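K.L.:
See entry.txt below, with compact mmCIF, N, CA and C atoms and all ligand atoms.
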```
# COMPACT_ATOMS: atom_id res chain seq x y z
N MET M 1 11.17 10.99 5.20
CA MET M 1 10.33 9.79 5.37
C MET M 1 9.96 9.60 6.84
N ALA M 2 8.77 9.05 7.03
CA ALA M 2 8.33 8.77 8.39
C ALA M 2 9.15 7.61 8.97
N ILE M 3 9.16 7.55 10.28
CA ILE M 3 9.88 6.47 10.94
C ILE M 3 9.17 5.14 10.66
N GLN M 4 9.97 4.16 10.30
CA GLN M 4 9.38 2.86 10.00
C GLN M 4 9.86 1.82 11.00
N TYR M 5 9.01 0.89 11.29
CA TYR M 5 9.43 -0.20 12.16
C TYR M 5 8.69 -1.46 11.74
N LYS M 6 9.11 -2.56 12.30
CA LYS M 6 8.50 -3.83 11.90
C LYS M 6 7.56 -4.33 12.97
N GLN M 7 6.44 -4.85 12.51
CA GLN M 7 5.55 -5.50 13.46
C GLN M 7 4.89 -6.68 12.75
N LYS M 8 4.30 -7.55 13.56
CA LYS M 8 3.68 -8.72 12.96
C LYS M 8 2.38 -8.34 12.26
N CYS M 9 2.15 -9.01 11.16
CA CYS M 9 0.91 -8.84 10.42
C CYS M 9 -0.27 -9.11 11.35
N TYR M 10 -1.27 -8.24 11.31
CA TYR M 10 -2.37 -8.42 12.25
C TYR M 10 -3.35 -9.50 11.83
N ALA M 11 -3.24 -9.96 10.59
CA ALA M 11 -4.14 -11.01 10.13
C ALA M 11 -3.58 -12.40 10.45
N CYS M 12 -2.36 -12.68 10.02
CA CYS M 12 -1.81 -14.02 10.24
C CYS M 12 -0.94 -14.09 11.49
N LYS M 13 -0.49 -12.92 11.99
CA LYS M 13 0.37 -12.85 13.17
C LYS M 13 1.61 -13.72 13.04
N LYS M 14 2.11 -13.78 11.80
CA LYS M 14 3.22 -14.66 11.53
C LYS M 14 4.33 -13.89 10.81
N ASN M 15 3.95 -13.25 9.70
CA ASN M 15 4.93 -12.50 8.93
C ASN M 15 5.09 -11.10 9.48
N TYR M 16 6.30 -10.57 9.30
CA TYR M 16 6.54 -9.20 9.73
C TYR M 16 6.28 -8.21 8.59
N VAL M 17 5.79 -7.05 8.94
CA VAL M 17 5.48 -6.01 7.97
C VAL M 17 6.18 -4.74 8.40
N THR M 18 6.69 -4.00 7.42
CA THR M 18 7.27 -2.70 7.74
C THR M 18 6.16 -1.67 7.73
N VAL M 19 6.01 -0.98 8.81
CA VAL M 19 4.91 -0.02 8.92
C VAL M 19 5.41 1.32 9.43
N THR M 20 4.56 2.32 9.31
CA THR M 20 4.84 3.60 9.95
C THR M 20 3.80 3.79 11.03
N ARG M 21 4.01 4.78 11.84
CA ARG M 21 3.11 5.02 12.95
C ARG M 21 1.68 5.32 12.51
N ARG M 22 1.55 5.81 11.29
CA ARG M 22 0.22 6.20 10.82
C ARG M 22 -0.68 5.03 10.46
N GLN M 23 -0.10 3.87 10.33
CA GLN M 23 -0.93 2.71 9.96
C GLN M 23 -0.65 1.55 10.90
N PRO M 24 -1.28 1.58 12.04
CA PRO M 24 -0.99 0.56 13.05
C PRO M 24 -1.47 -0.84 12.69
N PHE M 25 -2.42 -0.97 11.78
CA PHE M 25 -2.92 -2.31 11.46
C PHE M 25 -2.47 -2.72 10.07
N ALA M 26 -1.29 -3.25 9.98
CA ALA M 26 -0.75 -3.61 8.68
C ALA M 26 -0.89 -5.10 8.43
N MET M 27 -1.11 -5.41 7.17
CA MET M 27 -1.20 -6.80 6.76
C MET M 27 0.01 -7.12 5.89
N CYS M 28 0.47 -8.35 5.95
CA CYS M 28 1.58 -8.75 5.09
C CYS M 28 1.06 -8.99 3.67
N TRP M 29 2.00 -9.12 2.76
CA TRP M 29 1.63 -9.29 1.37
C TRP M 29 0.79 -10.56 1.17
N ASP M 30 1.18 -11.63 1.78
CA ASP M 30 0.45 -12.89 1.62
C ASP M 30 -1.02 -12.73 1.97
N CYS M 31 -1.30 -12.00 3.03
CA CYS M 31 -2.69 -11.85 3.48
C CYS M 31 -3.44 -10.85 2.63
N GLN M 32 -2.74 -9.87 2.10
CA GLN M 32 -3.45 -8.78 1.43
C GLN M 32 -3.55 -8.95 -0.08
N GLU M 33 -2.79 -9.87 -0.61
CA GLU M 33 -2.73 -10.01 -2.06
C GLU M 33 -4.11 -10.17 -2.70
N LYS M 34 -4.91 -11.03 -2.09
CA LYS M 34 -6.23 -11.30 -2.66
C LYS M 34 -7.10 -10.05 -2.64
N GLU M 35 -7.01 -9.36 -1.53
CA GLU M 35 -7.80 -8.15 -1.35
C GLU M 35 -7.46 -7.09 -2.41
N LEU M 36 -6.20 -7.09 -2.84
CA LEU M 36 -5.75 -6.07 -3.78
C LEU M 36 -6.00 -6.41 -5.23
N SER M 37 -6.50 -7.60 -5.48
CA SER M 37 -6.67 -8.00 -6.87
C SER M 37 -8.01 -7.55 -7.47
N GLY M 38 -8.79 -6.80 -6.70
CA GLY M 38 -10.06 -6.29 -7.21
C GLY M 38 -9.87 -5.35 -8.39
N GLU M 39 -10.94 -5.15 -9.12
CA GLU M 39 -10.84 -4.34 -10.32
C GLU M 39 -11.03 -2.85 -10.03
N VAL M 40 -10.17 -2.02 -10.61
CA VAL M 40 -10.30 -0.57 -10.49
C VAL M 40 -10.92 -0.05 -11.78
N LYS M 41 -12.10 0.55 -11.66
CA LYS M 41 -12.80 0.95 -12.89
C LYS M 41 -12.47 2.38 -13.34
N ASP M 42 -12.28 3.27 -12.39
CA ASP M 42 -11.97 4.65 -12.72
C ASP M 42 -10.63 4.72 -13.45
N PRO M 43 -10.61 5.25 -14.70
CA PRO M 43 -9.38 5.24 -15.48
C PRO M 43 -8.23 5.99 -14.81
N GLU M 44 -8.56 7.08 -14.15
CA GLU M 44 -7.50 7.85 -13.51
C GLU M 44 -6.88 7.09 -12.34
N MET M 45 -7.75 6.44 -11.59
CA MET M 45 -7.28 5.64 -10.46
C MET M 45 -6.51 4.41 -10.95
N LYS M 46 -7.02 3.86 -12.03
CA LYS M 46 -6.37 2.69 -12.60
C LYS M 46 -4.93 3.02 -12.96
N LYS M 47 -4.76 4.21 -13.54
CA LYS M 47 -3.43 4.64 -13.94
C LYS M 47 -2.55 4.83 -12.70
N MET M 48 -3.13 5.41 -11.68
CA MET M 48 -2.36 5.65 -10.46
C MET M 48 -1.92 4.34 -9.81
N PHE M 49 -2.82 3.37 -9.79
CA PHE M 49 -2.50 2.10 -9.14
C PHE M 49 -1.64 1.19 -10.02
N ASP M 50 -1.43 1.61 -11.26
CA ASP M 50 -0.65 0.80 -12.17
C ASP M 50 0.84 1.00 -11.94
N ILE M 51 1.33 0.45 -10.85
CA ILE M 51 2.75 0.53 -10.52
C ILE M 51 3.26 -0.91 -10.37
N PRO M 52 4.57 -1.08 -10.44
CA PRO M 52 5.08 -2.46 -10.34
C PRO M 52 4.62 -3.17 -9.06
N LEU M 53 4.31 -4.43 -9.20
CA LEU M 53 3.84 -5.24 -8.08
C LEU M 53 4.83 -5.20 -6.92
N GLU M 54 6.11 -5.08 -7.27
CA GLU M 54 7.16 -4.99 -6.26
C GLU M 54 6.88 -3.89 -5.24
N TYR M 55 6.36 -2.78 -5.73
CA TYR M 55 6.11 -1.65 -4.83
C TYR M 55 5.06 -2.02 -3.78
N TYR M 56 4.06 -2.73 -4.24
CA TYR M 56 3.02 -3.15 -3.29
C TYR M 56 3.57 -4.17 -2.30
N LYS M 57 4.46 -5.00 -2.80
CA LYS M 57 5.04 -6.02 -1.92
C LYS M 57 5.89 -5.36 -0.85
N LYS M 58 6.59 -4.30 -1.24
CA LYS M 58 7.50 -3.65 -0.31
C LYS M 58 6.82 -2.67 0.61
N SER M 59 5.76 -2.06 0.14
CA SER M 59 5.16 -0.99 0.93
C SER M 59 3.76 -1.32 1.42
N SER M 60 3.65 -1.50 2.71
CA SER M 60 2.31 -1.74 3.27
C SER M 60 1.46 -0.48 3.16
N PHE M 61 2.11 0.66 3.04
CA PHE M 61 1.34 1.90 2.87
C PHE M 61 0.59 1.90 1.53
N LEU M 62 1.30 1.56 0.47
CA LEU M 62 0.67 1.52 -0.85
C LEU M 62 -0.45 0.48 -0.87
N ARG M 63 -0.21 -0.63 -0.22
CA ARG M 63 -1.24 -1.67 -0.15
C ARG M 63 -2.48 -1.17 0.57
N ASP M 64 -2.21 -0.47 1.65
CA ASP M 64 -3.30 0.04 2.47
C ASP M 64 -4.19 1.01 1.67
N ILE M 65 -3.55 1.90 0.91
CA ILE M 65 -4.31 2.87 0.13
C ILE M 65 -5.14 2.16 -0.94
N LYS M 66 -4.53 1.20 -1.61
CA LYS M 66 -5.28 0.51 -2.65
C LYS M 66 -6.45 -0.28 -2.06
N SER M 67 -6.21 -0.94 -0.97
CA SER M 67 -7.30 -1.73 -0.39
C SER M 67 -8.43 -0.83 0.10
N ARG M 68 -8.07 0.35 0.59
CA ARG M 68 -9.09 1.32 0.98
C ARG M 68 -9.95 1.73 -0.21
N TYR M 69 -9.25 1.99 -1.31
CA TYR M 69 -9.98 2.39 -2.51
C TYR M 69 -10.93 1.29 -2.95
N LEU M 70 -10.43 0.07 -2.95
CA LEU M 70 -11.26 -1.05 -3.39
C LEU M 70 -12.44 -1.27 -2.45
N ARG M 71 -12.24 -0.99 -1.19
CA ARG M 71 -13.31 -1.17 -0.21
C ARG M 71 -14.34 -0.05 -0.27
N PHE M 72 -13.86 1.18 -0.34
CA PHE M 72 -14.78 2.32 -0.23
C PHE M 72 -15.08 3.01 -1.55
N GLY M 73 -14.32 2.67 -2.60
CA GLY M 73 -14.57 3.25 -3.91
C GLY M 73 -14.12 4.69 -4.06
N ALA M 74 -13.41 5.21 -3.08
CA ALA M 74 -12.94 6.58 -3.17
C ALA M 74 -11.77 6.80 -2.21
N LEU M 75 -11.00 7.84 -2.51
CA LEU M 75 -9.90 8.22 -1.63
C LEU M 75 -9.95 9.72 -1.41
N THR M 76 -9.37 10.17 -0.33
CA THR M 76 -9.30 11.61 -0.12
C THR M 76 -8.14 12.15 -0.96
N GLU M 77 -8.14 13.47 -1.13
CA GLU M 77 -7.09 14.09 -1.91
C GLU M 77 -5.72 13.82 -1.29
N ASN M 78 -5.66 13.85 0.04
CA ASN M 78 -4.40 13.60 0.72
C ASN M 78 -3.90 12.18 0.53
N GLN M 79 -4.83 11.25 0.52
CA GLN M 79 -4.43 9.86 0.30
C GLN M 79 -3.86 9.68 -1.10
N ILE M 80 -4.50 10.34 -2.08
CA ILE M 80 -4.02 10.27 -3.45
C ILE M 80 -2.63 10.89 -3.56
N LYS M 81 -2.48 12.05 -2.94
CA LYS M 81 -1.17 12.72 -2.96
C LYS M 81 -0.10 11.84 -2.33
N ALA M 82 -0.43 11.27 -1.19
CA ALA M 82 0.55 10.45 -0.48
C ALA M 82 0.92 9.21 -1.29
N PHE M 83 -0.08 8.62 -1.92
CA PHE M 83 0.18 7.44 -2.74
C PHE M 83 1.15 7.78 -3.86
N LYS M 84 0.86 8.89 -4.55
CA LYS M 84 1.73 9.29 -5.66
C LYS M 84 3.13 9.60 -5.18
N LYS M 85 3.21 10.27 -4.04
CA LYS M 85 4.51 10.64 -3.50
C LYS M 85 5.34 9.40 -3.18
N VAL M 86 4.72 8.46 -2.49
CA VAL M 86 5.46 7.26 -2.10
C VAL M 86 5.86 6.44 -3.31
N SER M 87 4.96 6.32 -4.30
CA SER M 87 5.33 5.51 -5.46
C SER M 87 6.41 6.20 -6.28
N GLU M 88 6.39 7.53 -6.31
CA GLU M 88 7.46 8.26 -6.99
C GLU M 88 8.79 8.05 -6.28
N GLU M 89 8.74 8.10 -4.96
CA GLU M 89 9.95 7.90 -4.18
C GLU M 89 10.55 6.52 -4.44
N MET M 90 9.68 5.55 -4.59
CA MET M 90 10.17 4.19 -4.82
C MET M 90 10.77 4.06 -6.22
N LYS M 91 10.20 4.81 -7.15
CA LYS M 91 10.75 4.80 -8.51
C LYS M 91 12.15 5.39 -8.52
N GLY M 92 12.29 6.51 -7.80
CA GLY M 92 13.55 7.24 -7.81
C GLY M 92 14.62 6.63 -6.94
N ASN M 93 14.22 6.03 -5.82
CA ASN M 93 15.20 5.49 -4.88
C ASN M 93 14.89 4.03 -4.59
N PRO M 94 15.32 3.16 -5.47
CA PRO M 94 15.04 1.75 -5.20
C PRO M 94 15.71 1.29 -3.90
N GLN M 95 14.93 0.65 -3.07
CA GLN M 95 15.45 0.15 -1.80
C GLN M 95 16.11 -1.21 -2.04
N PRO M 96 17.17 -1.49 -1.34
CA PRO M 96 17.82 -2.81 -1.51
C PRO M 96 16.91 -3.94 -1.05
ZN ZN X 1 -0.26 -11.92 7.19
```
Would you give me this structure, written as structure tokens?
P.N.:
Amino acid sequence: MAIQYKQKCYACKKNYVTVTRRQPFAMCWDCQEKELSGEVKDPEMKKMFDIPLEYYKKSSFLRDIKSRYLRFGALTENQIKAFKKVSEEMKGNPQP
């Protein structure tokens, strides 16, 4: 796993978010929840994003990928791979 650290949400500058170096602009769940509630029409993507809400709450990375998809309507192959990998990891190793 990449090194994780905490920083303040860049939107509200109030809540802390766990981030990795690859995503310097992280939003907390409160700020991003609305953004993530958009509809996913592609059935394959819908299936991929159909993971427990807890995962999105815990992982700003997963949130970031979903919000990108909702904004741009597409993801790169690497983003898809990374999303699947992280959500699988969360399934297998529940964090306290
Ligand atoms: Zn926030």
K.L.:
Taking into account all atoms listed in the file, which residue in the set M:Gln32, M:Thr76, M:Gln7, M:Gln23 is nearest to ligand ZN 1 (chain X)?
P.N.:
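Smallest separation from ligand ZN 1 (chain X) among the options: M:Gln32.
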K.L.:
Work out how far apart atom CA of M:Met27 and atom ZN of ligand ZN 1 (chain X) are and give it in Å to one decimal.
P.N.:
5.2 Å
K.L.:
Looking at M:Glu33, M:Ile3, M:Ile65, M:Lys8, which one is nearest to M:Arg21, with distances taken over all atoms listed in the file?
P.N.:
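For M:Arg21, the nearest of the given residues is M:Ile3.
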K.L.:
With distances taken over only C-alpha atoms, which residue among M:Phe25, M:Phe72, M:Tyr16, M:Tyr10 lies nearest M:Val40?
P.N.:
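Going through M:Phe25, M:Phe72, M:Tyr16, M:Tyr10 one by one, the smallest distance to M:Val40 is for M:Phe72.
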K.L.:
Check every protein, DNA and RNA residue against ligand ZN 1 (chain X), keep those with an atom at most 6.5 Å away (counting only N, CA and C atoms and all ligand atoms), and present them as a list in words.
P.N.:
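Residues satisfying the distance criterion: Cys9, Tyr10, Ala11, Cys12, Lys13, Lys14, Asn15, Met27, Cys28, Trp29, Asp30, Cys31 and Gln32 of chain M.
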K.L.:
Under the rule that only C-alpha atoms are counted, which of M:Glu88, M:Glu35, M:Asp50, M:Asp64 is the nearest residue to M:Arg22?
P.N.:
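Of M:Glu88, M:Glu35, M:Asp50, M:Asp64, the one nearest M:Arg22, counting only C-alpha atoms, is M:Asp64.
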K.L.:
At what distance in Å, to one decimal, does atom CA of M:Gln4 lie from atom CA of M:Pro52?
P.N.:
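Atom-to-atom, atom CA of M:Pro52 and atom CA of M:Gln4 are spaced 21.5 Å apart.
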K.L.:
M:Glu39, M:Lys58, M:Met48, M:Ser67: which is nearest M:Lys85, counting only C-alpha atoms?
P.N.:
M:Met48
K.L.:
Provide the atom C of M:Lys46 to atom C of M:Thr18 distance in Å, to one decimal place.
P.N.:
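If I compute the distance from atom C of M:Lys46 to atom C of M:Thr18, I get 23.9 Å.
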K.L.:
If you run DSSP on this backbone, which residues of chain M come out as alpha helix (DSSP H), and could you give them as a ChimeraX atom specification?
P.N.:
/M:29-32,43-49,53-58,60-72,77-92
K.L.:
Mind the document's chain letters and residue numbers, and return as a VMD selection string the residues of chain M that DSSP labels strand (DSSP E or B).
P.N.:
chain M and resid 4 to 8 16 to 20
K.L.:
Which residue is closest to M:Tyr55? Choose from M:Asn78, M:Val19, M:Lys6, M:Glu89 and count only C-alpha atoms.
P.N.:
M:Glu89
K.L.:
Residues within 12 Å of M:Phe49, please, as a PyMOL selection string. Count only C-alpha atoms; anything in the same chain fewer than 4 positions from it doesn't count.
P.N.:
chain M and resi 36-45+53+55-56+62-67+69-70+80+83-84+86-88
